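Here is the structure we will look at, set down as structure tokens.
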Amino acid sequence: MNNDSRFCSLKCAAIAIAVFTVLSATTHVSYAQKNVHGGLNFMIGIPKGEFSENVENIGLGGSLFAGYHLPDSPLTIGANIGFLIYGRDTRRERFSLTIPDAMVVVTNSNNIVLAHFLLRLQPESGKVLPYFDSLIGFNYLFTDTSIRGERDYEEIATSTNFSDFAFSYGLGGGIKIKVYEPRNSDTFKKGPSAVFIDFCARYLLGTEAEYLKKGSIQRVNGEAYYDVSKSKTDILLINIGVSVGF
């Protein structure tokens, strides 16, 4: 299968997963809003396996989670999307050959978008809720270059240098600790039913992808050359954040 066919297949799979998630959630949400959950997390990404041989530094970013807990069941269905920066370098350059007296800041950023459909096993209630996740989706790896003003740091231009998709799946687990609950649920029925501190870890296995890393872009005589890496894209994700039930 060529690259175009592989990318198309991955995109179609991701769209199908997203549609299934949305339809499943909207089917149930109208019956019981209080079973809807959302979360915002700070995320650390640690490359593993072949990926760690090419990318030595950890990634930093964040993630969003939305899901629906099926009534009278330990099962939650949902979706998770995250963003990581796993490499970054910045330099000062002349704005152009014809304007050598103006300087700009040029930044190369190596990034991953992680989008996954999620099934979670979790108790329905309690002050401490351990859970177990299974995930399937894709990772989108891309490197972009941005030019910003040296003084006001306003973006002047940006360009994506290289990108690729990788099919991704894995397992994870965590624990939610309740830190807030309304005293009178009738009084607060339009607000959150509970607020939790959320800790979790996930190990995602990623298929092969081509990508750039920090230092992969070389500039010679006004031309840019890319040192492209290729490997599987396994990654360990550590999350800490806040989860809210409605």
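Starting from 1 in every chain, residues are counted up; chains themselves are A, B, ... following the order of the structure tokens, and ligands are numbered from 1 as listed.
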Using only C-alpha atoms, determine which residues lie at most 9 Å from Asn108 in chain A, disregarding the query and same-chain residues fewer than 5 positions distant; provide the list as a list in words.
Gly87, Arg88, Asp89, Thr90, Arg91, Thr143, Asp144, Thr145, Ser146, Lys214, Gly215 and Ile217 of chain A
Would you write out, as JSON lines, a table of all residues in range 43-132 of chain A that have an atom no more than 7 Å from an atom of range 223-245 of chain A, listing for each the closest atom pair and the distance in Å to one decimal, considering only C-alpha atoms and ordering rows by chain and rising residue number?
{"residue": "A:Met43", "atom": "CA", "partner": "A:Asn239", "partner_atom": "CA", "distance": 4.6}
{"residue": "A:Ile44", "atom": "CA", "partner": "A:Ile238", "partner_atom": "CA", "distance": 5.1}
{"residue": "A:Gly45", "atom": "CA", "partner": "A:Leu237", "partner_atom": "CA", "distance": 4.7}
{"residue": "A:Ile46", "atom": "CA", "partner": "A:Leu236", "partner_atom": "CA", "distance": 5.0}
{"residue": "A:Pro47", "atom": "CA", "partner": "A:Ile235", "partner_atom": "CA", "distance": 4.5}
{"residue": "A:Lys48", "atom": "CA", "partner": "A:Ile235", "partner_atom": "CA", "distance": 5.2}
{"residue": "A:Gly49", "atom": "CA", "partner": "A:Asp234", "partner_atom": "CA", "distance": 6.3}
{"residue": "A:Glu50", "atom": "CA", "partner": "A:Ser231", "partner_atom": "CA", "distance": 5.8}
{"residue": "A:Phe51", "atom": "CA", "partner": "A:Thr233", "partner_atom": "CA", "distance": 5.2}
As an NGL selection string, please: every residue in range 1-241 of chain A that a backbone DSSP assignment puts in strand (DSSP E).
:A and (36-47 or 59-69 or 75-94 or 103-121 or 128-149 or 155-180 or 194-206 or 209-211 or 217-220 or 223-226 or 229-231 or 235-241)
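Between CA of Tyr153 in chain A and CA of Val106 in chain A the separation is 10.4 Å.
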With only C-alpha atoms as the atoms that count, which of A:Tyr180, A:Phe65, A:Phe199, A:Tyr211 lies nearest to Asn139 in chain A?
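Among A:Tyr180, A:Phe65, A:Phe199, A:Tyr211, it is A:Tyr211 that comes nearest to Asn139 in chain A.
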Test item: residues at most 9 Å from Pro123 in chain A, only C-alpha atoms, excluding those fewer than 2 positions along its chain, as a list in words
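Counting only C-alpha atoms, the residues come to Ser73, Pro74, Leu75, Leu121, Ser125, Gly126, Leu129, Pro130 and Tyr131 of chain A.
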Requested write-out: C-alpha atoms of the selected residues, as a tab-separated table (two decimals), in the first residue's frame:
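Output below, filename result_31.tsv:
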chain	number	residue	atom	x	y	z
A	73	SER	CA	-22.82	0.16	34.05
A	74	PRO	CA	-19.08	0.55	34.71
A	75	LEU	CA	-18.56	1.55	31.05
A	121	LEU	CA	-14.15	0.87	32.95
A	125	SER	CA	-19.74	6.55	42.21
A	126	GLY	CA	-17.31	7.12	45.04
A	129	LEU	CA	-12.52	6.20	41.36
A	130	PRO	CA	-9.88	3.96	39.79
A	131	TYR	CA	-10.33	3.32	36.06
Return as a compact mmCIF listing (two decimals) with C-alpha atoms, in the first residue's frame the full set of residues in range 22-232 of chain A whose backbone-based DSSP assignment is helix (DSSP H, G or I).
# COMPACT_ATOMS: atom_id res chain seq x y z
CA VAL A 22 -20.55 11.35 18.64
CA LEU A 23 -23.62 9.28 17.73
CA SER A 24 -23.24 7.06 20.79
CA ALA A 25 -22.84 10.01 23.12
CA THR A 26 -25.67 12.10 21.71
CA THR A 27 -28.04 9.11 21.84
CA HIS A 28 -27.66 8.91 25.61
CA VAL A 29 -26.93 12.49 26.69
CA GLN A 33 -26.98 14.88 31.46
CA LYS A 34 -25.44 14.07 34.83
CA ASN A 35 -23.51 11.18 33.30
CA GLU A 50 12.25 2.81 18.18
CA PHE A 51 10.76 6.26 18.65
CA SER A 52 13.01 6.91 21.66
CA GLU A 53 16.09 6.04 19.58
CA ASN A 54 15.39 9.05 17.36
Atom pair CA of Ser109 in chain A / CA of Asp198 in chain A: separation (Å)
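Calculated distance between CA of Ser109 in chain A and CA of Asp198 in chain A is 28.4 Å.
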Residues near Leu119 in chain A, cut-off 6 Å, only C-alpha atoms, skip fewer than 5 positions along chain, as a list of chain:residue names
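Those residues are A:Thr76, A:Ile77, A:Asp133, A:Ser134.
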